[in-house]
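Pasted below: coords-v8.cif, mmCIF, C-alpha atoms and all ligand atoms.
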```cif
data_structure
loop_
_atom_site.label_atom_id
_atom_site.label_comp_id
_atom_site.auth_asym_id
_atom_site.auth_seq_id
_atom_site.Cartn_x
_atom_site.Cartn_y
_atom_site.Cartn_z
CA MET E 1 41.79 219.39 58.43
CA ARG E 2 38.67 217.43 59.13
CA GLY E 3 37.98 218.41 62.71
CA LEU E 4 36.35 221.57 63.99
CA ARG E 5 36.60 224.52 61.68
CA GLY E 6 35.40 228.03 62.32
CA GLY E 7 34.28 229.29 65.70
CA ALA E 8 31.14 229.66 67.72
CA CYS E 9 28.55 231.80 65.97
CA ALA E 10 26.74 234.48 67.89
CA GLY E 11 23.83 233.17 69.93
CA GLY E 12 23.17 229.56 70.77
CA GLY E 13 26.72 228.20 70.63
CA VAL E 14 26.48 226.87 67.09
CA VAL E 15 29.78 225.56 65.79
CA ALA E 16 30.59 224.87 62.16
CA VAL E 17 32.35 221.64 61.30
CA SER E 18 34.17 220.83 58.14
CA GLY E 19 32.10 218.33 56.22
CA ASP E 20 35.13 217.16 54.35
CA MET E 21 35.77 213.88 56.11
CA ASN E 22 35.74 211.64 53.10
CA LYS E 23 38.46 212.87 50.81
CA PRO E 24 41.54 210.73 50.48
CA PRO E 25 44.38 211.87 52.73
CA SER E 26 47.16 213.93 51.21
CA ASP E 27 50.27 215.58 52.63
CA ASP E 28 48.57 218.83 53.48
CA GLN E 29 45.39 217.01 54.46
CA PRO E 30 46.12 214.23 56.92
CA ASP E 31 43.58 211.45 57.33
CA ASP E 32 42.76 212.79 60.80
CA LEU E 33 42.94 209.34 62.36
CA LEU E 34 44.33 209.33 65.88
CA ARG E 35 47.67 207.60 66.36
CA ASP E 36 49.48 206.62 69.54
CA ILE E 37 46.32 205.23 71.03
CA TRP E 38 44.71 201.82 71.68
CA TYR E 39 42.11 200.68 69.18
CA PHE E 40 39.75 197.75 69.36
CA ALA E 41 41.15 195.31 66.78
CA LEU E 42 38.95 192.22 66.86
CA PRO E 43 37.03 189.92 69.19
CA SER E 44 39.15 187.10 70.66
CA GLY E 45 36.81 184.55 69.10
CA ALA E 46 37.75 185.76 65.61
CA LEU E 47 41.36 184.63 66.08
CA GLU E 48 41.55 180.83 66.20
CA PRO E 49 44.88 179.22 67.10
CA GLY E 50 46.79 178.09 64.02
CA ARG E 51 45.10 180.66 61.75
CA LEU E 52 46.17 184.01 60.37
CA VAL E 53 43.68 186.87 60.26
CA SER E 54 44.31 189.86 58.02
CA ARG E 55 42.82 193.27 58.81
CA SER E 56 43.23 196.82 57.63
CA LEU E 57 43.53 199.22 60.56
CA LEU E 58 43.89 202.95 59.87
CA GLY E 59 44.97 201.92 56.40
CA ASP E 60 47.80 199.70 57.74
CA PRO E 61 47.74 196.05 56.64
CA VAL E 62 47.98 193.98 59.84
CA VAL E 63 48.15 190.21 60.29
CA PHE E 64 47.05 188.64 63.58
CA GLY E 65 48.00 185.22 64.87
CA ARG E 66 48.56 183.27 68.07
CA GLY E 67 52.01 182.15 69.20
CA PRO E 68 52.81 178.70 70.63
CA ASP E 69 51.49 179.82 74.04
CA GLY E 70 48.23 181.02 72.51
CA ALA E 71 49.11 184.69 73.03
CA ALA E 72 47.85 186.96 70.27
CA PHE E 73 50.33 188.92 68.19
CA ALA E 74 50.07 191.41 65.35
CA LEU E 75 52.58 192.12 62.58
CA ARG E 76 52.64 194.31 59.53
CA ASP E 77 51.05 192.17 56.85
CA ILE E 78 53.81 192.57 54.29
CA CYS E 79 56.74 190.21 53.84
CA PRO E 80 59.99 192.24 53.90
CA HIS E 81 61.42 190.00 51.14
CA ARG E 82 59.09 190.62 48.17
CA GLY E 83 56.11 192.30 49.77
CA ILE E 84 53.49 189.56 49.55
CA PRO E 85 50.97 189.66 52.42
CA LEU E 86 52.17 187.37 55.21
CA SER E 87 48.53 186.44 55.79
CA ASP E 88 48.65 184.56 52.47
CA GLY E 89 51.06 182.18 54.19
CA ARG E 90 50.39 179.95 57.16
CA MET E 91 51.00 179.44 60.84
CA THR E 92 53.43 176.66 61.59
CA SER E 93 54.84 175.83 65.04
CA GLY E 94 53.62 179.19 66.33
CA GLU E 95 55.43 181.11 63.57
CA VAL E 96 54.31 182.81 60.38
CA GLU E 97 55.59 181.20 57.21
CA CYS E 98 55.56 183.31 54.06
CA ARG E 99 53.76 181.78 51.10
CA TYR E 100 56.39 182.86 48.54
CA HIS E 101 59.80 181.58 49.72
CA GLY E 102 58.95 180.17 53.12
CA TRP E 103 60.74 182.73 55.27
CA ARG E 104 59.53 182.44 58.85
CA PHE E 105 58.84 185.10 61.43
CA GLY E 106 58.23 184.74 65.14
CA ALA E 107 55.47 186.46 67.09
CA ASN E 108 57.94 189.29 67.79
CA GLY E 109 58.39 189.88 64.05
CA VAL E 110 61.99 188.59 63.95
CA CYS E 111 62.96 186.36 61.02
CA THR E 112 63.79 182.82 62.21
CA ALA E 113 64.33 180.88 58.99
CA ILE E 114 65.25 181.39 55.31
CA PRO E 115 64.94 178.03 53.57
CA SER E 116 67.06 179.00 50.52
CA LEU E 117 70.25 179.52 52.53
CA VAL E 118 72.92 176.81 52.14
CA GLU E 119 75.70 176.04 54.53
CA GLY E 120 78.34 178.69 54.65
CA GLN E 121 75.99 181.46 53.56
CA ASP E 122 76.29 183.17 56.89
CA MET E 123 73.71 185.80 57.36
CA ASP E 124 72.32 187.28 60.53
CA ILE E 125 68.68 186.66 59.72
CA SER E 126 67.57 188.02 63.12
CA ARG E 127 68.29 191.47 61.69
CA ILE E 128 65.33 191.02 59.33
CA ARG E 129 62.24 192.18 61.14
CA VAL E 130 58.61 192.81 60.43
CA ARG E 131 56.95 195.65 62.32
CA ARG E 132 55.26 194.33 65.45
CA TYR E 133 52.23 196.04 66.98
CA PRO E 134 51.66 196.04 70.76
CA ILE E 135 48.63 193.88 71.57
CA HIS E 136 46.51 193.42 74.66
CA GLU E 137 43.91 190.70 75.02
CA ALA E 138 41.38 190.70 77.85
CA GLN E 139 37.68 189.98 78.35
CA GLY E 140 37.33 188.63 74.83
CA CYS E 141 38.74 191.78 73.20
CA ILE E 142 42.00 192.18 71.29
CA TRP E 143 43.29 195.75 71.52
CA ILE E 144 46.06 197.11 69.34
CA PHE E 145 48.26 200.13 69.94
CA MET E 146 48.58 202.05 66.68
CA ALA E 147 51.82 203.96 67.12
CA GLY E 148 52.74 207.15 65.31
CA ASP E 149 56.49 207.62 64.92
CA GLY E 150 57.20 204.98 67.56
CA SER E 151 58.41 207.39 70.23
CA VAL E 152 55.39 207.02 72.54
CA GLU E 153 55.21 204.21 75.10
CA PRO E 154 51.76 202.56 75.09
CA PRO E 155 49.69 203.62 78.12
CA PRO E 156 47.50 201.03 79.90
CA PRO E 157 44.87 199.69 77.46
CA PRO E 158 41.13 200.25 78.01
CA ALA E 159 39.47 197.97 80.57
CA LEU E 160 35.81 196.98 80.87
CA PRO E 161 33.87 196.70 84.13
CA GLU E 162 34.21 193.17 85.53
CA VAL E 163 30.95 191.54 84.51
CA ALA E 164 31.91 188.46 82.51
CA ASP E 165 35.24 187.23 81.18
CA ARG E 166 33.94 186.95 77.64
CA PRO E 167 31.17 188.59 75.62
CA ARG E 168 27.81 186.84 75.39
CA LEU E 169 27.01 188.59 72.13
CA VAL E 170 29.24 190.00 69.37
CA GLU E 171 28.03 191.86 66.32
CA THR E 172 30.11 193.58 63.65
CA MET E 173 29.15 196.05 60.96
CA GLU E 174 31.02 198.19 58.44
CA PHE E 175 30.10 201.81 57.95
CA PRO E 176 31.20 203.47 54.67
CA CYS E 177 32.36 206.69 56.33
CA HIS E 178 35.20 208.42 58.13
CA VAL E 179 35.44 207.37 61.77
CA ASP E 180 34.37 210.84 62.96
CA HIS E 181 30.94 210.46 61.37
CA ALA E 182 30.52 206.99 62.86
CA VAL E 183 31.46 208.20 66.34
CA VAL E 184 29.37 211.36 66.18
CA GLY E 185 26.43 209.39 64.80
CA LEU E 186 26.59 206.75 67.50
CA MET E 187 26.89 209.23 70.39
CA ASP E 188 24.19 211.53 69.03
CA PRO E 189 21.31 211.63 71.55
CA ALA E 190 18.75 213.30 69.27
CA HIS E 191 18.45 210.82 66.39
CA GLY E 192 16.86 207.98 68.38
CA PRO E 193 13.17 208.76 67.79
CA PHE E 194 13.80 209.33 64.07
CA VAL E 195 16.38 206.71 63.12
CA HIS E 196 15.55 203.99 65.64
CA LYS E 197 11.80 204.33 65.78
CA SER E 198 10.20 200.96 66.40
CA TRP E 199 7.61 199.58 68.76
CA TRP E 200 10.21 198.08 71.07
CA TRP E 201 12.37 201.15 71.47
CA ARG E 202 11.28 204.65 70.52
CA SER E 203 8.67 206.57 68.60
CA ARG E 204 8.29 210.22 67.73
CA ARG E 205 5.41 210.41 70.19
CA SER E 206 7.73 209.35 72.99
CA ILE E 207 9.96 212.42 72.60
CA HIS E 208 10.40 214.29 75.85
CA ALA E 209 12.86 216.63 77.53
CA LYS E 210 15.90 214.99 79.07
CA GLU E 211 18.49 216.22 81.46
CA LYS E 212 21.66 214.26 82.13
CA ARG E 213 24.73 214.95 84.19
CA PHE E 214 28.09 214.52 82.45
CA GLY E 215 31.64 214.67 83.68
CA PRO E 216 35.21 214.05 82.50
CA SER E 217 36.53 210.48 82.61
CA GLU E 218 39.62 208.75 81.27
CA LEU E 219 40.38 210.05 77.74
CA GLY E 220 36.77 211.15 77.44
CA PHE E 221 33.58 211.83 79.34
CA SER E 222 30.78 209.97 81.06
CA MET E 223 27.06 210.30 81.37
CA LEU E 224 27.05 209.87 85.13
CA ARG E 225 25.17 207.01 86.76
CA HIS E 226 21.43 207.56 86.60
CA ALA E 227 18.12 205.72 86.25
CA PRO E 228 17.55 205.09 82.51
CA SER E 229 14.86 206.97 80.66
CA SER E 230 11.31 205.73 81.09
CA ASN E 231 10.63 205.47 77.34
CA SER E 232 13.17 202.74 76.77
CA ALA E 233 10.98 199.67 76.91
CA ALA E 234 13.92 197.33 76.40
CA TYR E 235 15.39 198.31 79.74
CA ARG E 236 12.31 197.21 81.64
CA ILE E 237 12.74 193.53 80.90
CA LEU E 238 16.00 193.50 82.87
CA GLY E 239 14.17 193.96 86.16
CA GLY E 240 15.35 195.28 89.50
CA GLU E 241 16.45 198.73 90.61
CA MET E 242 18.22 199.91 87.51
CA THR E 243 20.97 202.45 86.91
CA THR E 244 23.24 203.05 83.98
CA GLU E 245 26.50 204.85 83.31
CA ILE E 246 27.87 205.50 79.83
CA ALA E 247 31.54 206.28 79.33
CA PHE E 248 33.05 207.44 76.07
CA ARG E 249 36.80 207.48 75.51
CA LEU E 250 39.07 208.10 72.59
CA PRO E 251 39.51 206.93 69.94
CA GLY E 252 35.89 205.70 69.67
CA ILE E 253 35.00 203.48 72.59
CA ARG E 254 31.67 203.60 74.35
CA ILE E 255 31.08 201.50 77.44
CA GLU E 256 27.59 201.31 78.90
CA HIS E 257 27.38 199.72 82.34
CA VAL E 258 23.87 198.83 83.48
CA LYS E 259 23.26 197.64 87.02
CA ALA E 260 19.93 195.97 87.70
CA GLY E 261 19.56 194.70 91.26
CA ARG E 262 22.28 192.09 91.68
CA ASN E 263 22.73 191.77 87.93
CA ALA E 264 24.82 193.75 85.52
CA LEU E 265 25.08 194.25 81.79
CA VAL E 266 27.91 195.88 79.87
CA GLY E 267 27.69 197.04 76.28
CA LEU E 268 30.91 197.85 74.45
CA THR E 269 30.66 199.75 71.19
CA ALA E 270 34.06 200.05 69.55
CA VAL E 271 34.55 202.16 66.44
CA THR E 272 37.75 201.44 64.49
CA PRO E 273 38.85 203.01 61.21
CA ILE E 274 39.66 200.47 58.51
CA THR E 275 40.80 203.34 56.28
CA ALA E 276 39.99 207.06 56.24
CA GLU E 277 36.77 206.21 54.36
CA THR E 278 35.64 202.99 56.01
CA THR E 279 34.95 202.21 59.63
CA ILE E 280 34.15 199.00 61.46
CA ILE E 281 31.85 198.85 64.48
CA HIS E 282 32.03 196.03 67.00
CA GLN E 283 29.15 195.70 69.43
CA MET E 284 29.91 193.36 72.32
CA MET E 285 27.57 192.60 75.20
CA TYR E 286 28.38 191.07 78.56
CA TRP E 287 25.87 190.11 81.23
CA THR E 288 25.45 188.11 84.38
CA MET E 289 21.87 186.86 83.86
CA PRO E 290 21.73 183.27 82.53
CA TRP E 291 18.16 183.81 81.27
CA LEU E 292 19.40 186.59 79.00
CA SER E 293 21.75 184.12 77.29
CA ALA E 294 18.70 181.99 76.50
CA LEU E 295 17.19 185.02 74.78
CA ARG E 296 20.26 185.57 72.61
CA PRO E 297 18.62 184.35 69.37
CA ILE E 298 15.93 187.01 69.87
CA LEU E 299 18.37 189.68 71.00
CA ARG E 300 20.78 189.32 68.09
CA PRO E 301 18.41 190.53 65.33
CA PHE E 302 17.50 193.54 67.46
CA VAL E 303 21.16 194.50 67.83
CA ARG E 304 21.73 194.02 64.09
CA LYS E 305 18.65 196.04 63.24
CA PHE E 306 19.77 198.85 65.55
CA LEU E 307 23.30 198.99 64.09
CA GLY E 308 21.87 198.67 60.59
CA GLN E 309 19.68 201.73 61.15
CA ASP E 310 22.77 203.72 62.16
CA ARG E 311 24.65 202.43 59.11
CA ASP E 312 21.81 203.21 56.71
CA ILE E 313 21.63 206.82 57.90
CA VAL E 314 25.40 207.15 57.37
CA VAL E 315 25.01 205.79 53.83
CA GLN E 316 22.37 208.45 53.13
CA GLN E 317 24.56 211.10 54.77
CA GLN E 318 27.38 210.33 52.33
CA ARG E 319 25.24 211.62 49.46
CA GLY E 320 25.23 215.06 51.05
CA LEU E 321 28.79 215.00 52.31
CA ARG E 322 30.03 214.44 48.76
CA HIS E 323 29.32 218.14 48.21
CA ASP E 324 31.57 219.12 51.10
CA PRO E 325 29.01 221.09 53.10
CA THR E 326 29.81 222.98 56.26
CA LEU E 327 28.08 221.17 59.13
CA LEU E 328 26.69 222.42 62.43
CA LEU E 329 26.99 221.33 66.02
CA ILE E 330 24.28 222.76 68.27
CA ASN E 331 23.84 222.96 72.02
CA ASP E 332 23.10 220.81 73.94
CA ALA E 333 22.25 217.84 71.70
CA ASP E 334 25.61 217.96 69.90
CA MET E 335 27.70 218.81 72.95
CA GLN E 336 29.14 215.30 73.11
CA ALA E 337 30.23 215.63 69.48
CA LYS E 338 31.91 218.95 70.33
CA TRP E 339 33.70 217.25 73.22
CA TYR E 340 34.81 214.45 70.91
CA TYR E 341 36.54 216.91 68.57
CA ARG E 342 38.07 218.78 71.51
CA LEU E 343 39.30 215.52 73.03
CA LYS E 344 40.93 214.57 69.73
CA LYS E 345 42.72 217.90 69.60
CA ALA E 346 43.82 217.55 73.22
CA HIS E 347 45.20 214.07 72.52
CA GLU E 348 47.04 215.21 69.40
CA ARG E 349 48.49 218.15 71.31
CA SER E 350 49.67 215.93 74.17
CA ILE E 351 51.44 213.61 71.70
CA ALA E 352 52.94 216.40 69.58
CA GLU E 353 54.22 218.35 72.58
CA GLY E 354 55.05 215.33 74.76
CA VAL E 355 52.93 216.64 77.62
CA ALA E 356 50.20 215.01 79.75
CA PHE E 357 46.75 214.74 78.22
CA GLU E 358 44.54 217.53 79.52
CA ASN E 359 40.86 216.63 79.47
CA PRO E 360 38.86 219.59 78.11
CA VAL E 361 35.52 218.33 79.50
CA ARG E 362 34.07 219.87 82.69
CA GLU E 363 31.23 218.45 84.75
CA THR E 364 27.94 219.83 83.51
CA THR E 365 24.28 219.09 82.85
CA LEU E 366 23.12 218.69 79.26
CA ARG E 367 19.48 219.12 78.25
CA TRP E 368 17.79 218.03 75.04
CA ARG E 369 14.57 216.50 73.75
CA SER E 370 14.57 212.98 72.36
S1 LIG J 1 58.24 187.13 49.66
FE1 LIG J 1 58.07 186.34 51.60
S2 LIG J 1 59.63 184.87 51.66
FE2 LIG J 1 59.91 185.81 49.75
FE FE J 2 21.92 205.25 66.66
#
```

For this file, produce the structure as C-alpha cells.
Amino acid sequence: MRGLRGGACAGGGVVAVSGDMNKPPSDDQPDDLLRDIWYFALPSGALEPGRLVSRSLLGDPVVFGRGPDGAAFALRDICPHRGIPLSDGRMTSGEVECRYHGWRFGANGVCTAIPSLVEGQDMDISRIRVRRYPIHEAQGCIWIFMAGDGSVEPPPPPALPEVADRPRLVETMEFPCHVDHAVVGLMDPAHGPFVHKSWWWRSRRSIHAKEKRFGPSELGFSMLRHAPSSNSAAYRILGGEMTTEIAFRLPGIRIEHVKAGRNALVGLTAVTPITAETTIIHQMMYWTMPWLSALRPILRPFVRKFLGQDRDIVVQQQRGLRHDPTLLLINDADMQAKWYYRLKKAHERSIAEGVAFENPVRETTLRWRS
C-alpha cells in the first residue's frame, strides 16, 4: 500500500506516509495507480495522420493512430496473433497492419483482414479483436480512459476553460518516480523559494506568509479565484486586473486559469504514469494574447527550466526513498497532498463499491509561508 499509512500524530496534524512508492508491484502490493479514470495521453500534435505512436500508460502498451476520418483511436499494442507490437507495423487505409503477417485491425480493434487465408478457409475474423481504449480529443489534448475490469462506463472527460482551441506551448518531461511523488511535488506550495529560486521567479528573501481559500471541485479541489501573489514577477508582464484560479483533479491534472483584463491564459499540467516507477509530465499553455505567442522562444526555456528543477529534485529524492523511509505531511503546507491521497481513496472506494464519488475536501483557508 503506497498511500497514507498511519494516523495523525498528536499535535500539529502530522501524518506519516509510506515512502515505499518505488517498489515493483506485486499481488499483495498493487502499483497504486488509479484505474477507471481519464488520463492525459498525448498532445494532438504528437499524433500525425498515417502514423502509429506507441506509448506505455500505467504499464499497458498502447498504440495510437488516426482512422480514415482523422479521429484518434487507441489499441493495445500487442498483435493477438504472435504478440509483436502493432506499432511496429503501419497505418494503411485508416487501419493498422501488423508487421509480421499483415493482419489488419480497424480503429475499433476488430480484425478486418488475414492475408494468408485462401478461398474456402471460412473463418469469422471479426471475432478476433484487440483491446480498444476509449479516447477523447479536444483542445489539442488526447485523453484516454484507463479501465479496470471493464465494468465502469467512462464519465465525461476533463474539459479546459475555453481560451484557445489548441495549445500555444507544449513541453514534456519524464520524471523517474511513482506518479504520487510527481503529483505531490508539483502541487507542493512550499518548495518554490528553494527549488525554483531564480531572479525571474522567487528567492528565499521573497518568502512571506500566504493565505489562500480552497474548496472542493470536480474530482479534486480548487484554490479559489484570487489575485496572484505579489512576489511572482512573471505574472506582472501579463498586465491588466489579474486573477487566477487553480483546479486540481484526479488522477493528476492541474488547470490554472489566469484572467488578465480581457485576456486569459490557461496552464494545463498533466501527470501520467508510464509505469509504477516512471511518470510523464505534459505542460500545455493556452492564451489569447498574440504578443505572448511572439515571446514563445523566450518562454519555452523558462518552462523547461522550471519543469527541470522539479525533475531534478525528484531524482535527488529517489536516493532517500530507496531506503523506504516513513514520510511526513504537515499542516498547512502539505494539506493539498493529504487531500490528494484522500481523493484517491475516495475514488477507489466509489469504483470498488459502485457508489457515487464522495469528495472528501471541504472549503477552508490554508496558510503557509513561501
Ligand atoms: S503477429 Fe501480427 S499478424 Fe502475425
Ligand atoms: Fe515545482

**Message:** If we count only C-alpha atoms and set the cut-off at 8 Å, which residues sit around His101 of chain E, ignoring sequence neighbours fewer than 2 positions away in its own chain? Please answer as a PyMOL selection string.
**Reply:** chain E and resi 98-99+103+114-116

**Prompt:** Can you list, as a ChimeraX atom specification, every protein, DNA or RNA residue that comes within 9 Å of segment 168-182 of chain E when you count only C-alpha atoms, leaving out same-chain residues fewer than 4 positions away?
**Reply:** /E:2-3,21-22,31-33,43,164,186-187,252,271-287,293,296,299-300,303-304,307-308,310-312,314-315,318,340-341

Produce a file of the selected residues containing C-alpha atoms, as an mmCIF file, keeping the file's coordinate frame.
```
data_model
loop_
_atom_site.group_PDB
_atom_site.id
_atom_site.type_symbol
_atom_site.label_atom_id
_atom_site.label_comp_id
_atom_site.auth_asym_id
_atom_site.auth_seq_id
_atom_site.Cartn_x
_atom_site.Cartn_y
_atom_site.Cartn_z
ATOM 1 C CA ARG E 2 38.670 217.430 59.130
ATOM 2 C CA GLY E 3 37.980 218.410 62.710
ATOM 3 C CA MET E 21 35.770 213.880 56.110
ATOM 4 C CA ASN E 22 35.740 211.640 53.100
ATOM 5 C CA ASP E 31 43.580 211.450 57.330
ATOM 6 C CA ASP E 32 42.760 212.790 60.800
ATOM 7 C CA LEU E 33 42.940 209.340 62.360
ATOM 8 C CA PRO E 43 37.030 189.920 69.190
ATOM 9 C CA ALA E 164 31.910 188.460 82.510
ATOM 10 C CA LEU E 186 26.590 206.750 67.500
ATOM 11 C CA MET E 187 26.890 209.230 70.390
ATOM 12 C CA GLY E 252 35.890 205.700 69.670
ATOM 13 C CA VAL E 271 34.550 202.160 66.440
ATOM 14 C CA THR E 272 37.750 201.440 64.490
ATOM 15 C CA PRO E 273 38.850 203.010 61.210
ATOM 16 C CA ILE E 274 39.660 200.470 58.510
ATOM 17 C CA THR E 275 40.800 203.340 56.280
ATOM 18 C CA ALA E 276 39.990 207.060 56.240
ATOM 19 C CA GLU E 277 36.770 206.210 54.360
ATOM 20 C CA THR E 278 35.640 202.990 56.010
ATOM 21 C CA THR E 279 34.950 202.210 59.630
ATOM 22 C CA ILE E 280 34.150 199.000 61.460
ATOM 23 C CA ILE E 281 31.850 198.850 64.480
ATOM 24 C CA HIS E 282 32.030 196.030 67.000
ATOM 25 C CA GLN E 283 29.150 195.700 69.430
ATOM 26 C CA MET E 284 29.910 193.360 72.320
ATOM 27 C CA MET E 285 27.570 192.600 75.200
ATOM 28 C CA TYR E 286 28.380 191.070 78.560
ATOM 29 C CA TRP E 287 25.870 190.110 81.230
ATOM 30 C CA SER E 293 21.750 184.120 77.290
ATOM 31 C CA ARG E 296 20.260 185.570 72.610
ATOM 32 C CA LEU E 299 18.370 189.680 71.000
ATOM 33 C CA ARG E 300 20.780 189.320 68.090
ATOM 34 C CA VAL E 303 21.160 194.500 67.830
ATOM 35 C CA ARG E 304 21.730 194.020 64.090
ATOM 36 C CA LEU E 307 23.300 198.990 64.090
ATOM 37 C CA GLY E 308 21.870 198.670 60.590
ATOM 38 C CA ASP E 310 22.770 203.720 62.160
ATOM 39 C CA ARG E 311 24.650 202.430 59.110
ATOM 40 C CA ASP E 312 21.810 203.210 56.710
ATOM 41 C CA VAL E 314 25.400 207.150 57.370
ATOM 42 C CA VAL E 315 25.010 205.790 53.830
ATOM 43 C CA GLN E 318 27.380 210.330 52.330
ATOM 44 C CA TYR E 340 34.810 214.450 70.910
ATOM 45 C CA TYR E 341 36.540 216.910 68.570
#
```

**Message:** Restricting the calculation to all atoms listed in the file: of E:Asn108, E:Ser222, E:Ser217, E:Gln139, which residue gets closest to Gly45 of chain E?
**Reply:** E:Gln139

Neighbours of ligand FE 2 (chain J) within 7 Å, counting all atoms listed in the file, as a compact mmCIF listing (two decimals) with C-alpha atoms, keeping the file's coordinate frame?
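Output file out38.txt follows:
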```txt
# COMPACT_ATOMS: atom_id res chain seq x y z
CA GLY E 185 26.43 209.39 64.80
CA LEU E 186 26.59 206.75 67.50
CA HIS E 191 18.45 210.82 66.39
CA GLY E 192 16.86 207.98 68.38
CA VAL E 195 16.38 206.71 63.12
CA HIS E 196 15.55 203.99 65.64
CA PHE E 306 19.77 198.85 65.55
CA LEU E 307 23.30 198.99 64.09
CA GLN E 309 19.68 201.73 61.15
CA ASP E 310 22.77 203.72 62.16
```

For ligand LIG 1 (chain J), collect every residue having any atom at a distance of at most 10 Å from a ligand atom (counting all atoms listed in the file); output as a CSV table (one decimal) with C-alpha atoms, in the coordinates of the input.
```
chain,number,residue,atom,x,y,z
E,78,ILE,CA,53.8,192.6,54.3
E,79,CYS,CA,56.7,190.2,53.8
E,80,PRO,CA,60.0,192.2,53.9
E,81,HIS,CA,61.4,190.0,51.1
E,82,ARG,CA,59.1,190.6,48.2
E,83,GLY,CA,56.1,192.3,49.8
E,84,ILE,CA,53.5,189.6,49.6
E,85,PRO,CA,51.0,189.7,52.4
E,86,LEU,CA,52.2,187.4,55.2
E,88,ASP,CA,48.6,184.6,52.5
E,89,GLY,CA,51.1,182.2,54.2
E,97,GLU,CA,55.6,181.2,57.2
E,98,CYS,CA,55.6,183.3,54.1
E,99,ARG,CA,53.8,181.8,51.1
E,100,TYR,CA,56.4,182.9,48.5
E,101,HIS,CA,59.8,181.6,49.7
E,102,GLY,CA,59.0,180.2,53.1
E,103,TRP,CA,60.7,182.7,55.3
E,104,ARG,CA,59.5,182.4,58.8
E,105,PHE,CA,58.8,185.1,61.4
E,113,ALA,CA,64.3,180.9,59.0
E,114,ILE,CA,65.2,181.4,55.3
E,115,PRO,CA,64.9,178.0,53.6
E,116,SER,CA,67.1,179.0,50.5
```

**Request:** Name all residues at most 9 Å from segment 48-53 of chain E (count only C-alpha atoms; drop same-chain ones fewer than 2 positions away) and give them as a count of residues only.
**Result:** 23

**Spatial neighbours of Glu353 of chain E, 12 Å, all atoms listed in the file, chain gap at least 6 places, as a count of residues only** = 5

Output as lines of an AutoDock Vina configuration file the centre and edge lengths (Å, one decimal) of the box along x, y and z of the file that holds every listed atom of segment 351-367 of chain E after adding 4 Å on each side.
```
center_x = 37.3
center_y = 216.7
center_z = 77.2
size_x = 43.6
size_y = 14.3
size_z = 23.2
```

**Message:** Using only C-alpha atoms and a cutoff of 12 Å, can you tell me which residues are near (53.2, 192.0, 66.5) in the file's coordinates, and write them out as number ranges by chain?
**Reply:** E: 61-67, 71-77, 95-96, 105-110, 129-136, 143-146

Generate the output file for the selected residues, C-alpha atoms, as a compact mmCIF listing (two decimals), in the coordinates of the input.
```txt
# COMPACT_ATOMS: atom_id res chain seq x y z
CA PRO E 61 47.74 196.05 56.64
CA VAL E 62 47.98 193.98 59.84
CA VAL E 63 48.15 190.21 60.29
CA PHE E 64 47.05 188.64 63.58
CA GLY E 65 48.00 185.22 64.87
CA ARG E 66 48.56 183.27 68.07
CA GLY E 67 52.01 182.15 69.20
CA ALA E 71 49.11 184.69 73.03
CA ALA E 72 47.85 186.96 70.27
CA PHE E 73 50.33 188.92 68.19
CA ALA E 74 50.07 191.41 65.35
CA LEU E 75 52.58 192.12 62.58
CA ARG E 76 52.64 194.31 59.53
CA ASP E 77 51.05 192.17 56.85
CA GLU E 95 55.43 181.11 63.57
CA VAL E 96 54.31 182.81 60.38
CA PHE E 105 58.84 185.10 61.43
CA GLY E 106 58.23 184.74 65.14
CA ALA E 107 55.47 186.46 67.09
CA ASN E 108 57.94 189.29 67.79
CA GLY E 109 58.39 189.88 64.05
CA VAL E 110 61.99 188.59 63.95
CA ARG E 129 62.24 192.18 61.14
CA VAL E 130 58.61 192.81 60.43
CA ARG E 131 56.95 195.65 62.32
CA ARG E 132 55.26 194.33 65.45
CA TYR E 133 52.23 196.04 66.98
CA PRO E 134 51.66 196.04 70.76
CA ILE E 135 48.63 193.88 71.57
CA HIS E 136 46.51 193.42 74.66
CA TRP E 143 43.29 195.75 71.52
CA ILE E 144 46.06 197.11 69.34
CA PHE E 145 48.26 200.13 69.94
CA MET E 146 48.58 202.05 66.68
```

**Asked** How far is it from atom CA of Lys344 of chain E to atom CA of Trp38 of chain E, in Å with one decimal?
**Response** 13.4 Å

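Taking atom CA of Leu328 of chain E as the reference point, atom CA of Ser206 of chain E is found at 25.3 Å.
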